[in-house]
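**Q** final-v6.tsv (TSV, C-alpha atoms) pasted underneath:
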chain	number	residue	atom	x	y	z
Q	244	MET	CA	0.00	0.00	0.00
Q	245	ALA	CA	1.27	3.47	-0.84
Q	246	TRP	CA	0.44	7.14	-0.31
Q	247	ASP	CA	-3.24	7.69	0.40
Q	248	ASP	CA	-4.51	4.27	-0.68
Q	249	LEU	CA	-6.33	3.70	2.62
Q	250	ASP	CA	-8.20	6.99	2.40
Q	251	ARG	CA	-9.28	6.84	-1.21
Q	252	LYS	CA	-12.97	6.10	-1.59
Q	253	PHE	CA	-14.38	4.32	-4.65
Q	254	ALA	CA	-12.89	6.27	-7.55
Q	255	MET	CA	-13.79	6.57	-11.20
Q	256	PHE	CA	-12.18	8.12	-14.28
Q	257	ASP	CA	-13.53	9.07	-17.68
Q	258	GLN	CA	-11.19	10.21	-20.44
Q	259	ILE	CA	-13.00	12.68	-22.68
Q	260	ASP	CA	-10.24	13.53	-25.15
Q	261	SER	CA	-6.43	13.70	-25.30
Q	262	GLN	CA	-6.23	16.47	-22.70
Q	263	THR	CA	-9.38	16.20	-20.61
Q	264	ILE	CA	-10.09	13.74	-17.82
Q	265	ARG	CA	-13.01	13.46	-15.45
Q	266	TYR	CA	-12.24	12.08	-12.01
Q	267	ALA	CA	-14.47	11.65	-8.98
Q	268	GLN	CA	-14.83	9.67	-5.77
Q	269	ALA	CA	-17.93	8.27	-4.11
Q	270	PRO	CA	-19.14	10.66	-1.38
Q	271	THR	CA	-18.92	8.15	1.49
Q	272	TRP	CA	-17.42	4.76	2.37
Q	273	SER	CA	-20.82	3.09	2.15
Q	274	VAL	CA	-21.15	0.77	-0.83
Q	275	SER	CA	-24.66	2.14	-1.28
Q	276	SER	CA	-23.20	5.56	-2.15
Q	277	GLN	CA	-21.29	4.18	-5.13
Q	278	PRO	CA	-22.86	4.77	-8.56
Q	279	LYS	CA	-24.69	1.75	-9.92
Q	280	THR	CA	-25.14	2.99	-13.49
Q	281	ARG	CA	-23.17	5.05	-15.99
Q	282	SER	CA	-25.71	7.85	-15.59
Q	283	GLU	CA	-25.13	7.99	-11.82
Q	284	ALA	CA	-21.36	7.95	-12.37
Q	285	LEU	CA	-21.58	10.81	-14.87
Q	286	ASP	CA	-23.48	12.90	-12.34
Q	287	LEU	CA	-20.44	12.71	-10.06
Q	288	LEU	CA	-17.89	13.01	-12.86
Q	289	ARG	CA	-19.40	16.16	-14.35
Q	290	LYS	CA	-18.80	18.02	-11.11
Q	291	SER	CA	-15.04	17.48	-11.31
Q	292	VAL	CA	-14.21	17.72	-15.02
Q	293	LYS	CA	-10.73	18.93	-15.94
Q	294	PRO	CA	-11.21	21.58	-18.67
Q	295	LYS	CA	-9.17	21.68	-21.84
Q	296	GLY	CA	-5.99	23.62	-21.36
Q	297	ALA	CA	-5.45	22.39	-17.80
Q	298	PRO	CA	-1.81	21.44	-17.12
Q	299	MET	CA	-2.38	17.69	-17.35
Q	300	TYR	CA	-1.42	15.37	-20.19
Q	301	VAL	CA	-2.81	12.03	-21.31
Q	302	LEU	CA	0.06	10.45	-23.21
Q	303	THR	CA	0.19	7.68	-25.75
Q	304	ALA	CA	2.65	4.87	-25.06
Q	305	ALA	CA	5.12	6.40	-27.53
Q	306	GLU	CA	4.81	9.87	-26.00
Q	307	PHE	CA	5.25	8.47	-22.50
Q	308	ASP	CA	8.42	6.61	-23.47
Q	309	ALA	CA	9.72	9.75	-25.19
Q	310	ALA	CA	8.93	11.84	-22.11
Q	311	LEU	CA	10.84	9.47	-19.83
Q	312	ALA	CA	13.78	9.53	-22.24
Q	313	GLY	CA	13.74	13.33	-22.23
Q	314	HIS	CA	12.79	13.63	-25.92
Q	315	TRP	CA	9.25	14.95	-25.36
Q	316	ARG	CA	8.39	17.80	-23.03
Q	317	PRO	CA	5.08	19.63	-22.69
Q	318	ARG	CA	5.07	23.34	-22.05
Q	319	GLN	CA	4.17	22.71	-18.44
Q	320	TRP	CA	4.79	19.45	-16.57
Q	321	ASN	CA	2.07	18.24	-14.22
Q	322	PHE	CA	1.73	14.47	-14.06
Q	323	ARG	CA	-1.24	13.27	-12.03
Q	324	ILE	CA	0.94	11.38	-9.54
Q	325	SER	CA	2.84	14.60	-8.80
Q	326	GLU	CA	-0.43	16.42	-8.25
Q	327	ARG	CA	-1.60	13.73	-5.83
Q	328	LEU	CA	1.69	13.83	-3.93
Q	329	ILE	CA	1.49	17.61	-3.58
Q	330	ASN	CA	-2.06	17.33	-2.25
Q	331	LEU	CA	-1.03	14.61	0.17
Q	332	ILE	CA	1.91	16.61	1.49
Q	333	ALA	CA	-0.33	19.64	1.96
Q	334	HIS	CA	-2.79	17.49	3.91
Q	335	LEU	CA	-0.10	15.96	6.11
Q	336	THR	CA	1.43	19.31	7.01
Q	337	GLU	CA	-1.87	20.46	8.53
Q	338	SER	CA	-1.04	18.52	11.69
Q	339	GLU	CA	2.09	17.33	13.42
Q	340	LYS	CA	0.37	14.10	14.45
Q	341	PRO	CA	0.25	11.20	11.98
Q	342	VAL	CA	-3.19	10.11	10.84
Q	343	THR	CA	-4.44	7.12	12.83
Q	344	GLY	CA	-7.71	5.28	13.16
Q	345	PHE	CA	-10.34	4.63	10.56
Q	346	ASP	CA	-13.79	5.88	9.68
Q	347	PRO	CA	-16.57	3.48	10.79
Q	348	GLY	CA	-17.38	2.90	7.13
Q	349	GLN	CA	-13.80	1.84	6.47
Q	350	ILE	CA	-13.91	-0.60	9.40
Q	351	VAL	CA	-17.01	-2.24	7.93
Q	352	LEU	CA	-15.27	-2.77	4.58
Q	353	ILE	CA	-12.05	-4.08	6.16
Q	354	LYS	CA	-13.97	-6.59	8.28
Q	355	GLU	CA	-15.88	-7.74	5.21
Q	356	ILE	CA	-12.57	-8.42	3.46
Q	357	ARG	CA	-11.36	-10.36	6.51
Q	358	GLN	CA	-14.56	-12.41	6.66
Q	359	LEU	CA	-14.35	-13.30	2.97
Q	360	ALA	CA	-10.68	-14.28	3.28
Q	361	ASN	CA	-11.51	-16.50	6.28
Q	362	GLU	CA	-14.43	-18.15	4.48
Q	363	LEU	CA	-12.19	-18.97	1.51
Q	364	SER	CA	-9.18	-19.85	3.69
Q	365	LEU	CA	-7.07	-17.26	1.89
Q	366	PRO	CA	-3.86	-16.04	3.55
Q	367	VAL	CA	-3.56	-12.25	3.40
Q	368	ALA	CA	-0.46	-10.08	3.38
Q	369	VAL	CA	-0.34	-6.28	3.57
Q	370	ILE	CA	2.77	-4.70	2.08
Q	371	HIS	CA	3.97	-1.18	2.77
Q	372	ILE	CA	5.28	0.46	-0.41
Q	373	PRO	CA	7.60	3.31	0.61
Q	374	SER	CA	7.91	6.62	-1.18
Q	375	ARG	CA	11.24	7.96	-2.40
Q	376	GLU	CA	10.99	10.88	0.05
Q	377	GLU	CA	10.36	8.52	2.95
Q	378	LEU	CA	13.51	6.56	2.12
Q	379	LEU	CA	15.71	9.62	1.58
Q	380	ASP	CA	14.60	11.33	4.79
Q	381	PRO	CA	14.02	8.92	7.72
Q	382	GLY	CA	12.42	11.80	9.63
Q	383	SER	CA	9.78	12.45	6.99
Q	384	ARG	CA	6.17	11.45	7.43
Q	385	THR	CA	5.20	7.90	6.60
Q	386	ASN	CA	1.91	6.02	6.46
Q	387	VAL	CA	3.47	2.81	7.78
Q	388	VAL	CA	1.74	3.04	11.17
Q	389	ARG	CA	-1.65	3.38	9.52
Q	390	ILE	CA	-0.92	0.45	7.21
Q	391	LYS	CA	0.02	-1.68	10.23
Q	392	GLU	CA	-3.32	-0.77	11.82
Q	393	PHE	CA	-5.07	-1.87	8.65
Q	394	SER	CA	-3.10	-5.11	8.62
Q	395	ASP	CA	-4.01	-5.85	12.26
Q	396	ILE	CA	-7.74	-5.30	11.71
Q	397	LEU	CA	-7.54	-7.47	8.60
Q	398	GLY	CA	-5.68	-10.21	10.50
Q	399	ALA	CA	-2.99	-10.14	7.85
Q	400	THR	CA	0.77	-10.57	7.79
Q	401	PHE	CA	2.53	-7.21	7.52
Q	402	LEU	CA	5.55	-6.90	5.22
Q	403	ASP	CA	7.62	-3.71	5.28
Q	404	GLY	CA	8.75	-2.83	1.76
Q	405	ARG	CA	11.26	-0.31	3.06
Q	406	GLY	CA	13.57	-3.25	3.61
Q	407	ALA	CA	14.07	-3.54	-0.14
Q	408	PHE	CA	16.00	-0.26	-0.20
Q	409	ARG	CA	17.71	-0.07	3.20
Q	410	SER	CA	21.10	-1.21	1.91
Q	411	LEU	CA	21.18	1.40	-0.87
Q	412	SER	CA	22.87	4.79	-0.87
Q	413	ARG	CA	20.92	8.01	-1.38
Q	414	GLN	CA	22.01	8.17	-4.99
Q	415	GLN	CA	21.06	4.54	-5.61
Q	416	ILE	CA	17.60	5.24	-4.21
Q	417	LYS	CA	17.24	8.28	-6.46
Q	418	ASP	CA	18.35	6.18	-9.42
Q	419	ASP	CA	15.54	3.71	-8.68
Q	420	TRP	CA	12.82	6.35	-9.25
Q	421	PHE	CA	11.71	8.36	-12.26
Q	422	PRO	CA	12.84	11.98	-11.82
Q	423	VAL	CA	9.53	13.27	-13.20
Q	424	ASP	CA	7.08	11.68	-10.73
Q	425	GLY	CA	6.68	9.47	-7.68
Q	426	HIS	CA	6.91	6.05	-9.33
Q	427	TRP	CA	9.97	3.86	-9.25
Q	428	ASN	CA	11.52	2.91	-12.59
Q	429	GLN	CA	12.42	-0.57	-13.85
Q	430	ALA	CA	15.49	-0.73	-11.60
Q	431	GLY	CA	13.40	0.15	-8.57
Q	432	SER	CA	10.74	-2.35	-9.58
Q	433	ASN	CA	13.37	-5.07	-9.88
Q	434	GLN	CA	14.84	-4.12	-6.50
Q	435	PHE	CA	11.43	-4.43	-4.85
Q	436	ALA	CA	10.56	-7.64	-6.71
Q	437	ASP	CA	13.79	-9.33	-5.60
Q	438	PHE	CA	13.07	-8.34	-2.00
Q	439	MET	CA	9.50	-9.66	-2.14
Q	440	ALA	CA	10.59	-12.92	-3.82
Q	441	ALA	CA	12.73	-13.57	-0.75
Q	442	GLN	CA	9.85	-12.80	1.65
Q	443	LEU	CA	7.09	-14.82	0.02
Q	444	PRO	CA	8.30	-18.38	0.83
Q	445	GLN	CA	8.46	-17.59	4.55
Q	446	TRP	CA	5.04	-15.90	4.46
Q	447	ILE	CA	3.47	-18.83	2.59
Q	448	ALA	CA	5.04	-21.34	4.97
Q	449	GLY	CA	3.71	-19.44	7.98
Q	450	SER	CA	0.25	-19.15	6.44
Q	451	THR	CA	-0.10	-22.89	5.86
Q	452	ARG	CA	0.66	-23.96	9.40
Translate the structure of the given file into structure tokens.
**A**
Amino acid sequence: MAWDDLDRKFAMFDQIDSQTIRYAQAPTWSVSSQPKTRSEALDLLRKSVKPKGAPMYVLTAAEFDAALAGHWRPRQWNFRISERLINLIAHLTESEKPVTGFDPGQIVLIKEIRQLANELSLPVAVIHIPSREELLDPGSRTNVVRIKEFSDILGATFLDGRGAFRSLSRQQIKDDWFPVDGHWNQAGSNQFADFMAAQLPQWIAGSTR
């Protein structure tokens, strides 16, 4: 789990054209508040439409590859992940205390997941996916405590993904992320995958006892 995953209600997107995206979230955690038809979804989406000319780009695969290689640059960069990170940082700086606890509606959903997993005898693992900033600055805010709370309520095994990068230098960590947004690149993905491959056998063994 990464960033604000635990606080993101049911979300929907609708791409209108090459530069316009609608995005909205259900108003509450209750499943009954989620749109059941396209018409209901559009009612929510229309209230949050991104107008043409907004500094956001929907790229083709070729344009995306060119952008990462530095061969394609829009007049103004503003990838959606960067926008979300900025909003998250602004939210976190409102208080010195980390966010803890869950909305009653969230608790209901988490317990439903736990019940379903128990009924199907499915082992569950919750994995913390660290941000680049979290790794570069140990004193920065992290959502790891909240993810552990989620894992405990779910009755899951918690795996801390920060361990995948602890042996790396600051420059190596930077090299594992795209410079243009908050996602890791292929090197970072491989680093995390190798770490998880080493964790999974022990988790599976513990889950089958």
**Q** In Å to one decimal, how far is CA of Gln349 in chain Q from CA of Trp272 in chain Q?
**A**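 Spanning CA of Trp272 in chain Q to CA of Gln349 in chain Q is a straight-line distance of 6.2 Å.
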**Q** Please measure the separation of CA of Glu355 in chain Q and CA of Leu397 in chain Q, giving the value in Å to one decimal.
**A**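 CA of Leu397 in chain Q lies at a distance of 9.0 Å from CA of Glu355 in chain Q.
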**Q** Determine the nearest neighbour of Ile350 in chain Q from the options Q:Asp395, Q:Gln268, Q:Trp427, Q:Leu402, counting only C-alpha atoms.
**A** Q:Asp395
**Q** When you draw a straight line from CA of Asp437 in chain Q to CA of Arg405 in chain Q, how long is it in Å?
**A**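 Atom-to-atom, CA of Asp437 in chain Q and CA of Arg405 in chain Q are spaced 12.8 Å apart.
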**Q** Might you pull out every residue within 8 Å of range 410-423 of chain Q, with only C-alpha atoms counted and same-chain residues fewer than 6 positions away left off, and present them as a list in words?
**A**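 The residues satisfying every condition are Leu311, Phe322, Arg375, Leu378, Leu379, Gln429, Ala430, Gly431 and Ser432 of chain Q.
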**Q** Let me make sure I understand: among Q:Asn433, Q:Asn361, Q:Thr385, Q:Gln258, which one has the smallest atom-to-atom distance to Ala245 in chain Q if we use only C-alpha atoms?
**A**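 Answer, going by the shortest atom-to-atom distance: Q:Thr385.
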**Q** Which neighbours of Met244 in chain Q fall inside 12 Å, counting only C-alpha atoms, when residues of the same chain fewer than 6 positions from it are skipped, and could you give them as a short mmCIF file (atom, residue, chain, number, x, y, z; two decimals) with C-alpha atoms, in the frame of the given file?
**A**
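Contents of around.cif, as written:
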data_model
loop_
_atom_site.label_atom_id
_atom_site.label_comp_id
_atom_site.auth_asym_id
_atom_site.auth_seq_id
_atom_site.Cartn_x
_atom_site.Cartn_y
_atom_site.Cartn_z
CA ASP Q 250 -8.20 6.99 2.40
CA ARG Q 251 -9.28 6.84 -1.21
CA ALA Q 368 -0.46 -10.08 3.38
CA VAL Q 369 -0.34 -6.28 3.57
CA ILE Q 370 2.77 -4.70 2.08
CA HIS Q 371 3.97 -1.18 2.77
CA ILE Q 372 5.28 0.46 -0.41
CA PRO Q 373 7.60 3.31 0.61
CA SER Q 374 7.91 6.62 -1.18
CA THR Q 385 5.20 7.90 6.60
CA ASN Q 386 1.91 6.02 6.46
CA VAL Q 387 3.47 2.81 7.78
CA VAL Q 388 1.74 3.04 11.17
CA ARG Q 389 -1.65 3.38 9.52
CA ILE Q 390 -0.92 0.45 7.21
CA LYS Q 391 0.02 -1.68 10.23
CA PHE Q 393 -5.07 -1.87 8.65
CA SER Q 394 -3.10 -5.11 8.62
CA PHE Q 401 2.53 -7.21 7.52
CA LEU Q 402 5.55 -6.90 5.22
CA ASP Q 403 7.62 -3.71 5.28
CA GLY Q 404 8.75 -2.83 1.76
CA ARG Q 405 11.26 -0.31 3.06
#
**Q** For Ile447 in chain Q, which of Q:Gly398, Q:Gly406, Q:Pro366, Q:Pro381 is the closest residue, counting all atoms listed in the file?
**A**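 Checking each candidate against Ile447 in chain Q, we get Q:Pro366 as the closest.
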**Q** Which polymer residues have any atom within 8 Å of an atom of Ile396 in chain Q, counting all atoms listed in the file, with same-chain residues fewer than 4 positions away left out, as a list in words?
**A**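 Residues meeting the cut-off are Ile353, Lys354 and Glu392 of chain Q.
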**Q** Write out as AutoDock Vina command-line options an axis-aligned box for range 265-272 of chain Q: all of its atoms listed in the file, 8 Å added on each side, centre and edge lengths in Å with one decimal.
**A**
--center_x -15.7 --center_y 9.1 --center_z -6.5 --size_x 22.9 --size_y 24.7 --size_z 33.8
**Q** Excluding Ser275 in chain Q and residues on its chain fewer than 6 positions from it, collect all residues at most 12 Å away from it, counting only C-alpha atoms, and give them as a list in words.
**A**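 Near neighbours after the sequence-gap exclusion: Phe253, Ala269 and Gly348 of chain Q.
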**Q** Neighbours of Pro278 in chain Q within 12 Å (all atoms listed in the file; same-chain residues fewer than 4 positions away dropped), as a short mmCIF file (atom, residue, chain, number, x, y, z; two decimals) with C-alpha atoms, keeping the file's coordinate frame?
**A**
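The resulting file, around-v7.cif, is shown below:
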data_model
loop_
_atom_site.label_atom_id
_atom_site.label_comp_id
_atom_site.auth_asym_id
_atom_site.auth_seq_id
_atom_site.Cartn_x
_atom_site.Cartn_y
_atom_site.Cartn_z
CA PHE Q 253 -14.38 4.32 -4.65
CA ALA Q 254 -12.89 6.27 -7.55
CA MET Q 255 -13.79 6.57 -11.20
CA ALA Q 267 -14.47 11.65 -8.98
CA GLN Q 268 -14.83 9.67 -5.77
CA ALA Q 269 -17.93 8.27 -4.11
CA PRO Q 270 -19.14 10.66 -1.38
CA THR Q 271 -18.92 8.15 1.49
CA SER Q 273 -20.82 3.09 2.15
CA VAL Q 274 -21.15 0.77 -0.83
CA SER Q 282 -25.71 7.85 -15.59
CA GLU Q 283 -25.13 7.99 -11.82
CA ALA Q 284 -21.36 7.95 -12.37
CA LEU Q 285 -21.58 10.81 -14.87
CA ASP Q 286 -23.48 12.90 -12.34
CA LEU Q 287 -20.44 12.71 -10.06
CA LEU Q 288 -17.89 13.01 -12.86
#
